[in-house]
Amino acid sequence: MAIIALKPSLASFFAGSGATPRLLQPPSSSSSPRLLTRASSSSSSSSASSSSSPSSSSSSEQSASAPVGRRQFATLTSLSLAASLAARPAARADDDGLSEWERVYLPIDPGVVLLDIAFVPDDSSHGFLLGTRQTILETKDGGSTWVPRSIASAEDEDFNYRFNSISFKGKEGWIVGKPAILLYTSDAGETWDRIPLSSQLPGDIVYIKATGEKSAEMVTDQGAIYITSNKGYNWRAAVQETVSATLNRTVSSGISGASYYTGTFNTVNRSPEGNYVAVSSRGNFYLTWEPGQPFWQPHNRAVARRIQNMGWRADGGLWLLARGGGLYLSKGTGIREDFEEVSVQSRGFGILDVGYRSLVMKRLGQQGVVGFY
C-alpha cells in the first residue's frame with residue numbers, strides 16, 4: 001500500500017485503494033510525475049471539519065479535478081515515500097495503482113507533525129507511523145485504520161519525544177527520536193525494548209536504517225554515522241569527525257557556503273548500497289558519503305536555486321529537488337555533480353520528496369511519485 005501523509009491540520013492520509021475519491025490524475029504513457037489534486041467527498045467533509053482549518057473546509061466543496069490550493073497543500077509533510085511505496089504488493093503491468101486515493105483520518109491531536117512511516121516487510125498490512133509529541137500510530141489493515149500505540153519504555157521520563165525515523169528488516173525494527181532515544185523490536189513491533197544511548201552524541205539522531213540481523217546504521221544531523229551489529233549495545237563510528245569539523249578544516253575546498261559552517265543536515269537519505277546523500281541546513285550545498293570514506297564529501301549545488309531535498313533513484317542515480325518546485329536528475333548512476341531538469345509542471349508549488357515504486361520499477365519504466373506543498 002502506498003501512503004502519503006498530511007500534517008494534522010487535515011489529520012488524514014491518502015491511501016491507495018479501490019475507493020472512489022481521486023487524488024492523482026490517471027497515469028499516462030509518460031513517466032513524468034503528476035500534480036496531486038483534491039478529492040471531493042460529502043461523507044468525509046463533516047468529519048474533517050473538526051480538525052481542518054476553515055479554508056480547507058470550504059475548499060473541499062470544489063470539484064475533484066481542481067488542483068489543491070497552495071495554502072491547503074502547504075500541509076504536506078515530507079515522509080519516506082520510497083519505504084511506504086515499496087511495501088505495496090506488486091501491481092499488474094497495466095495498473096500503476098496511482099489513479100485512485102482514499103482519505104484516512106488519524107487519531108492525533110492538532111499540531112502533531114508526522115515524520116516517518118514504515119511497514120513490516122513480512123506483513124505489508126502491518127505498519128507504524130511516527131511524529132512529534134511522542135506520536136506512534138499502528139495499523140494492521142494496510143493503513144485503512146490507525147490506532148495510537150503506547151510504548152512503556154518511552155514513557156518513563158518526563159520527555160515529550162519527537163520520533164524521527166523508523167526502519168524494519170524482516171521482523172526486526174528500530175525507532176530513533178529526540179531527545180536521544182532508541183527502541184528495538186524483534187517481533188515485528190509487538191514489543192519494543194529501550195536501548196541505552198550516550199547523552200554525548202554529536203547532534204540529534206535523525207535517521208536509522210535496519211541492515212541485517214541485530215544490525216543497523218544511525219545518523220545524526222551533524223553527520224555522525226554509527227554502525228551496530230549487536231542489537232545496539234555497541235556502536236562503531238563510521239566517520240572520523242562531524243561535518244562542521246570537516247568543512248571548517250578544509251576552508252579552501254571551494255564549496256560555496258562551507259566556510260565556518262555550523263549548521264546541520266536538512267535531509268539525509270541512504271541508498272540500498274549504503275551510500276548517503278545529505279543536504280545542508282541552508283540548502284546551498286550537499287554532501288555524500290560512501291562506506292570506507294573517513295569524511296563526508298561536500299559538493300557545490302548544480303542548480304541556481306537552493307536545494308530542498310535529495311535522494312536515490314531506483315537505478316542508483318540521484319534526484320534533486322530545488323526550492324520553488326524544480327526536479328533534477330543526475331546524468332548517469334552513482335554520485336554525480338551534473339544534473340538535468342525534468343519538467344513536472346509544479347506550477348510554482350514546492351516539492352518536498354520523491355518516492356519510487358521499486359517492486360514494479362521494471363514494468364513501469366522507473367515511474368515515480370512526487371509530493372507537493
# chains A, B, ... in the order shown; residues from 1 in each chain; ligands from 1
$ residues_around --residues "region 292-299 of chain A" --least-positions-apart "4" --cutoff "10 Å" --atoms "only C-alpha atoms" --output "list of chain:residue names"
A:Gly223, A:Ala224, A:Ala237, A:Ala238, A:Val239, A:Gln240, A:Glu241, A:Thr242, A:Val243, A:Ala245, A:Thr246, A:Leu247, A:Ser253, A:Gly254, A:Ile255, A:Ser256, A:Ala258, A:Tyr276, A:Val277, A:Ala278, A:Val279, A:Ser280, A:Asn284, A:Phe285, A:Tyr286, A:Leu287, A:Thr288, A:Arg336, A:Glu337
$ closest_atom_pairs --of "region 130-194 of chain A" --to "region 100-108 of chain A" --cutoff "12 Å" --atoms "only C-alpha atoms" --output "JSON lines"
{"residue": "A:Leu130", "atom": "CA", "partner": "A:Ile108", "partner_atom": "CA", "distance": 11.0}
{"residue": "A:Gly131", "atom": "CA", "partner": "A:Ile108", "partner_atom": "CA", "distance": 9.7}
{"residue": "A:Thr132", "atom": "CA", "partner": "A:Ile108", "partner_atom": "CA", "distance": 10.3}
{"residue": "A:Arg133", "atom": "CA", "partner": "A:Ile108", "partner_atom": "CA", "distance": 9.8}
{"residue": "A:Gln134", "atom": "CA", "partner": "A:Ile108", "partner_atom": "CA", "distance": 10.7}
{"residue": "A:Thr135", "atom": "CA", "partner": "A:Ile108", "partner_atom": "CA", "distance": 7.8}
{"residue": "A:Ile136", "atom": "CA", "partner": "A:Ile108", "partner_atom": "CA", "distance": 9.5}
{"residue": "A:Leu137", "atom": "CA", "partner": "A:Pro107", "partner_atom": "CA", "distance": 8.4}
{"residue": "A:Glu138", "atom": "CA", "partner": "A:Leu106", "partner_atom": "CA", "distance": 10.5}
{"residue": "A:Thr139", "atom": "CA", "partner": "A:Leu106", "partner_atom": "CA", "distance": 10.7}
{"residue": "A:Gly142", "atom": "CA", "partner": "A:Val104", "partner_atom": "CA", "distance": 11.3}
{"residue": "A:Gly143", "atom": "CA", "partner": "A:Val104", "partner_atom": "CA", "distance": 7.9}
{"residue": "A:Ser144", "atom": "CA", "partner": "A:Val104", "partner_atom": "CA", "distance": 6.3}
{"residue": "A:Thr145", "atom": "CA", "partner": "A:Val104", "partner_atom": "CA", "distance": 7.1}
{"residue": "A:Trp146", "atom": "CA", "partner": "A:Leu106", "partner_atom": "CA", "distance": 6.4}
{"residue": "A:Val147", "atom": "CA", "partner": "A:Pro107", "partner_atom": "CA", "distance": 6.7}
{"residue": "A:Pro148", "atom": "CA", "partner": "A:Pro107", "partner_atom": "CA", "distance": 7.0}
{"residue": "A:Arg149", "atom": "CA", "partner": "A:Pro107", "partner_atom": "CA", "distance": 10.8}
$ write_last_selection --atoms "N, CA, C and O atoms" --output "mmCIF file, in the first residue's frame"
data_model
loop_
_atom_site.group_PDB
_atom_site.id
_atom_site.type_symbol
_atom_site.label_atom_id
_atom_site.label_comp_id
_atom_site.auth_asym_id
_atom_site.auth_seq_id
_atom_site.Cartn_x
_atom_site.Cartn_y
_atom_site.Cartn_z
ATOM 1 N N LEU A 130 5.158 7.611 12.698
ATOM 2 C CA LEU A 130 5.796 8.370 13.757
ATOM 3 C C LEU A 130 5.546 9.861 13.603
ATOM 4 O O LEU A 130 5.283 10.351 12.501
ATOM 5 N N GLY A 131 5.684 10.583 14.720
ATOM 6 C CA GLY A 131 5.541 12.024 14.666
ATOM 7 C C GLY A 131 6.028 12.701 15.921
ATOM 8 O O GLY A 131 6.619 12.066 16.816
ATOM 9 N N THR A 132 5.770 13.990 16.007
ATOM 10 C CA THR A 132 6.129 14.764 17.187
ATOM 11 C C THR A 132 5.170 14.452 18.334
ATOM 12 O O THR A 132 4.183 13.725 18.158
ATOM 13 N N ARG A 133 5.456 15.011 19.492
ATOM 14 C CA ARG A 133 4.628 14.826 20.697
ATOM 15 C C ARG A 133 4.455 13.345 21.044
ATOM 16 O O ARG A 133 3.374 12.889 21.387
ATOM 17 N N GLN A 134 5.530 12.601 20.864
ATOM 18 C CA GLN A 134 5.576 11.183 21.245
ATOM 19 C C GLN A 134 4.512 10.362 20.505
ATOM 20 O O GLN A 134 3.942 9.413 21.041
ATOM 21 N N THR A 135 4.273 10.699 19.254
ATOM 22 C CA THR A 135 3.228 10.048 18.466
ATOM 23 C C THR A 135 3.736 8.780 17.802
ATOM 24 O O THR A 135 4.716 8.810 17.039
ATOM 25 N N ILE A 136 3.082 7.665 18.095
ATOM 26 C CA ILE A 136 3.288 6.403 17.384
ATOM 27 C C ILE A 136 1.910 5.824 17.092
ATOM 28 O O ILE A 136 1.130 5.573 18.008
ATOM 29 N N LEU A 137 1.612 5.647 15.814
ATOM 30 C CA LEU A 137 0.360 5.015 15.400
ATOM 31 C C LEU A 137 0.674 3.682 14.741
ATOM 32 O O LEU A 137 1.720 3.510 14.118
ATOM 33 N N GLU A 138 -0.259 2.738 14.865
ATOM 34 C CA GLU A 138 -0.061 1.397 14.312
ATOM 35 C C GLU A 138 -1.277 0.999 13.493
ATOM 36 O O GLU A 138 -2.421 1.313 13.842
ATOM 37 N N THR A 139 -1.025 0.330 12.369
ATOM 38 C CA THR A 139 -2.094 -0.222 11.539
ATOM 39 C C THR A 139 -1.832 -1.700 11.293
ATOM 40 O O THR A 139 -0.671 -2.115 11.168
ATOM 41 N N GLY A 142 -3.281 -2.530 6.564
ATOM 42 C CA GLY A 142 -2.722 -1.879 5.389
ATOM 43 C C GLY A 142 -2.866 -0.374 5.363
ATOM 44 O O GLY A 142 -2.661 0.247 4.331
ATOM 45 N N GLY A 143 -3.211 0.246 6.484
ATOM 46 C CA GLY A 143 -3.313 1.691 6.547
ATOM 47 C C GLY A 143 -4.719 2.234 6.511
ATOM 48 O O GLY A 143 -4.906 3.450 6.579
ATOM 49 N N SER A 144 -5.718 1.379 6.427
ATOM 50 C CA SER A 144 -7.100 1.860 6.414
ATOM 51 C C SER A 144 -7.492 2.482 7.742
ATOM 52 O O SER A 144 -8.200 3.490 7.788
ATOM 53 N N THR A 145 -7.041 1.877 8.843
ATOM 54 C CA THR A 145 -7.308 2.429 10.167
ATOM 55 C C THR A 145 -6.012 2.429 10.966
ATOM 56 O O THR A 145 -5.161 1.540 10.805
ATOM 57 N N TRP A 146 -5.883 3.427 11.846
ATOM 58 C CA TRP A 146 -4.691 3.574 12.671
ATOM 59 C C TRP A 146 -5.118 3.787 14.126
ATOM 60 O O TRP A 146 -6.114 4.457 14.391
ATOM 61 N N VAL A 147 -4.355 3.222 15.050
ATOM 62 C CA VAL A 147 -4.642 3.379 16.476
ATOM 63 C C VAL A 147 -3.362 3.840 17.174
ATOM 64 O O VAL A 147 -2.257 3.451 16.778
ATOM 65 N N PRO A 148 -3.497 4.674 18.210
ATOM 66 C CA PRO A 148 -2.306 5.100 18.957
ATOM 67 C C PRO A 148 -1.635 3.909 19.628
ATOM 68 O O PRO A 148 -2.300 3.001 20.120
ATOM 69 N N ARG A 149 -0.326 3.939 19.630
ATOM 70 C CA ARG A 149 0.454 2.873 20.264
ATOM 71 C C ARG A 149 1.269 3.461 21.420
ATOM 72 O O ARG A 149 2.003 4.430 21.239
#
$ select_by_dssp --residues "region 77-295 of chain A" --states "strand (DSSP E or B)" --output "count of residues only"
87
$ closest_residue --among "A:Ala322, A:Ile151, A:Val120, A:Leu115" --to "Phe163 (chain A)" --atoms "only C-alpha atoms"
A:Leu115
$ select_by_dssp --residues "region 208-342 of chain A" --states "alpha helix (DSSP H)" --output "list in words"
Val243, Ser244, Ala245, Thr246, Leu247, Asn248 and Arg249 of chain A
$ atom_distance --atom1 "CA of Ala304 (chain A)" --atom2 "CA of Glu290 (chain A)"
26.0 Å
$ residues_around --residues "Ala180 (chain A)" --least-positions-apart "3" --cutoff "10 Å" --atoms "only C-alpha atoms" --output "PyMOL selection string"
chain A and resi 161-163+176-177+196-201+203-206+220
$ atom_distance --atom1 "CA of Asp221 (chain A)" --atom2 "CA of Phe265 (chain A)"
4.9 Å
$ closest_residue --among "A:Gly325, A:Pro179, A:Gly189, A:Gly173" --to "Lys214 (chain A)" --atoms "only C-alpha atoms"
A:Gly173
$ decode --residues "region 221-246 of chain A" --atoms "N, CA, C and O atoms" --output "mmCIF file, in the first residue's frame"
data_model
loop_
_atom_site.group_PDB
_atom_site.id
_atom_site.type_symbol
_atom_site.label_atom_id
_atom_site.label_comp_id
_atom_site.auth_asym_id
_atom_site.auth_seq_id
_atom_site.Cartn_x
_atom_site.Cartn_y
_atom_site.Cartn_z
ATOM 1 N N ASP A 221 22.175 14.678 12.875
ATOM 2 C CA ASP A 221 22.080 15.824 11.982
ATOM 3 C C ASP A 221 23.390 16.601 11.866
ATOM 4 O O ASP A 221 23.480 17.571 11.117
ATOM 5 N N GLN A 222 24.433 16.171 12.580
ATOM 6 C CA GLN A 222 25.757 16.751 12.415
ATOM 7 C C GLN A 222 26.691 15.845 11.632
ATOM 8 O O GLN A 222 27.893 16.095 11.541
ATOM 9 N N GLY A 223 26.132 14.788 11.045
ATOM 10 C CA GLY A 223 26.910 13.947 10.142
ATOM 11 C C GLY A 223 27.572 12.747 10.758
ATOM 12 O O GLY A 223 28.312 12.024 10.071
ATOM 13 N N ALA A 224 27.360 12.482 12.036
ATOM 14 C CA ALA A 224 27.925 11.284 12.646
ATOM 15 C C ALA A 224 27.154 10.057 12.175
ATOM 16 O O ALA A 224 25.916 10.057 12.155
ATOM 17 N N ILE A 225 27.868 9.019 11.770
ATOM 18 C CA ILE A 225 27.269 7.758 11.333
ATOM 19 C C ILE A 225 27.779 6.652 12.251
ATOM 20 O O ILE A 225 28.988 6.489 12.423
ATOM 21 N N TYR A 226 26.862 5.916 12.842
ATOM 22 C CA TYR A 226 27.223 4.838 13.755
ATOM 23 C C TYR A 226 26.632 3.524 13.248
ATOM 24 O O TYR A 226 25.518 3.490 12.716
ATOM 25 N N ILE A 227 27.393 2.453 13.450
ATOM 26 C CA ILE A 227 27.011 1.122 12.965
ATOM 27 C C ILE A 227 27.017 0.143 14.136
ATOM 28 O O ILE A 227 27.960 0.129 14.937
ATOM 29 N N THR A 228 25.968 -0.664 14.239
ATOM 30 C CA THR A 228 25.901 -1.695 15.268
ATOM 31 C C THR A 228 25.603 -3.049 14.645
ATOM 32 O O THR A 228 24.950 -3.138 13.599
ATOM 33 N N SER A 229 26.101 -4.095 15.278
ATOM 34 C CA SER A 229 25.796 -5.458 14.838
ATOM 35 C C SER A 229 25.392 -6.338 16.011
ATOM 36 O O SER A 229 25.349 -7.564 15.877
ATOM 37 N N ASN A 230 25.132 -5.704 17.169
ATOM 38 C CA ASN A 230 24.752 -6.488 18.355
ATOM 39 C C ASN A 230 23.554 -5.862 19.058
ATOM 40 O O ASN A 230 23.557 -5.673 20.270
ATOM 41 N N LYS A 231 22.551 -5.496 18.264
ATOM 42 C CA LYS A 231 21.284 -5.013 18.807
ATOM 43 C C LYS A 231 21.394 -3.628 19.425
ATOM 44 O O LYS A 231 20.552 -3.206 20.204
ATOM 45 N N GLY A 232 22.426 -2.899 19.057
ATOM 46 C CA GLY A 232 22.540 -1.522 19.503
ATOM 47 C C GLY A 232 23.248 -1.320 20.819
ATOM 48 O O GLY A 232 23.304 -0.193 21.322
ATOM 49 N N TYR A 233 23.830 -2.367 21.389
ATOM 50 C CA TYR A 233 24.516 -2.206 22.659
ATOM 51 C C TYR A 233 25.918 -1.629 22.483
ATOM 52 O O TYR A 233 26.489 -1.066 23.416
ATOM 53 N N ASN A 234 26.491 -1.792 21.296
ATOM 54 C CA ASN A 234 27.758 -1.163 20.957
ATOM 55 C C ASN A 234 27.642 -0.563 19.565
ATOM 56 O O ASN A 234 27.031 -1.159 18.667
ATOM 57 N N TRP A 235 28.253 0.622 19.400
ATOM 58 C CA TRP A 235 28.204 1.316 18.117
ATOM 59 C C TRP A 235 29.623 1.691 17.690
ATOM 60 O O TRP A 235 30.441 2.107 18.509
ATOM 61 N N ARG A 236 29.884 1.544 16.399
ATOM 62 C CA ARG A 236 31.178 1.913 15.830
ATOM 63 C C ARG A 236 31.005 3.138 14.941
ATOM 64 O O ARG A 236 30.111 3.178 14.097
ATOM 65 N N ALA A 237 31.841 4.149 15.130
ATOM 66 C CA ALA A 237 31.765 5.355 14.318
ATOM 67 C C ALA A 237 32.302 5.074 12.920
ATOM 68 O O ALA A 237 33.408 4.541 12.759
ATOM 69 N N ALA A 238 31.522 5.431 11.907
ATOM 70 C CA ALA A 238 31.929 5.195 10.517
ATOM 71 C C ALA A 238 32.647 6.384 9.907
ATOM 72 O O ALA A 238 33.324 6.239 8.891
ATOM 73 N N VAL A 239 32.513 7.567 10.493
ATOM 74 C CA VAL A 239 33.248 8.754 10.030
ATOM 75 C C VAL A 239 34.077 9.280 11.199
ATOM 76 O O VAL A 239 33.733 9.084 12.365
ATOM 77 N N GLN A 240 35.167 9.963 10.873
ATOM 78 C CA GLN A 240 36.117 10.359 11.897
ATOM 79 C C GLN A 240 35.796 11.686 12.557
ATOM 80 O O GLN A 240 36.350 12.007 13.608
ATOM 81 N N GLU A 241 34.929 12.500 11.929
ATOM 82 C CA GLU A 241 34.593 13.793 12.502
ATOM 83 C C GLU A 241 33.251 14.260 11.966
ATOM 84 O O GLU A 241 32.735 13.726 10.972
ATOM 85 N N THR A 242 32.680 15.254 12.619
ATOM 86 C CA THR A 242 31.406 15.792 12.170
ATOM 87 C C THR A 242 31.591 16.598 10.888
ATOM 88 O O THR A 242 32.721 16.951 10.504
ATOM 89 N N VAL A 243 30.478 16.901 10.248
ATOM 90 C CA VAL A 243 30.536 17.681 9.011
ATOM 91 C C VAL A 243 31.100 19.071 9.271
ATOM 92 O O VAL A 243 31.885 19.599 8.476
ATOM 93 N N SER A 244 30.723 19.699 10.373
ATOM 94 C CA SER A 244 31.241 21.025 10.697
ATOM 95 C C SER A 244 32.761 21.005 10.791
ATOM 96 O O SER A 244 33.450 21.884 10.249
ATOM 97 N N ALA A 245 33.311 20.002 11.458
ATOM 98 C CA ALA A 245 34.761 19.906 11.592
ATOM 99 C C ALA A 245 35.426 19.697 10.243
ATOM 100 O O ALA A 245 36.469 20.289 9.949
ATOM 101 N N THR A 246 34.830 18.864 9.403
ATOM 102 C CA THR A 246 35.399 18.616 8.082
ATOM 103 C C THR A 246 35.420 19.879 7.241
ATOM 104 O O THR A 246 36.447 20.232 6.637
#
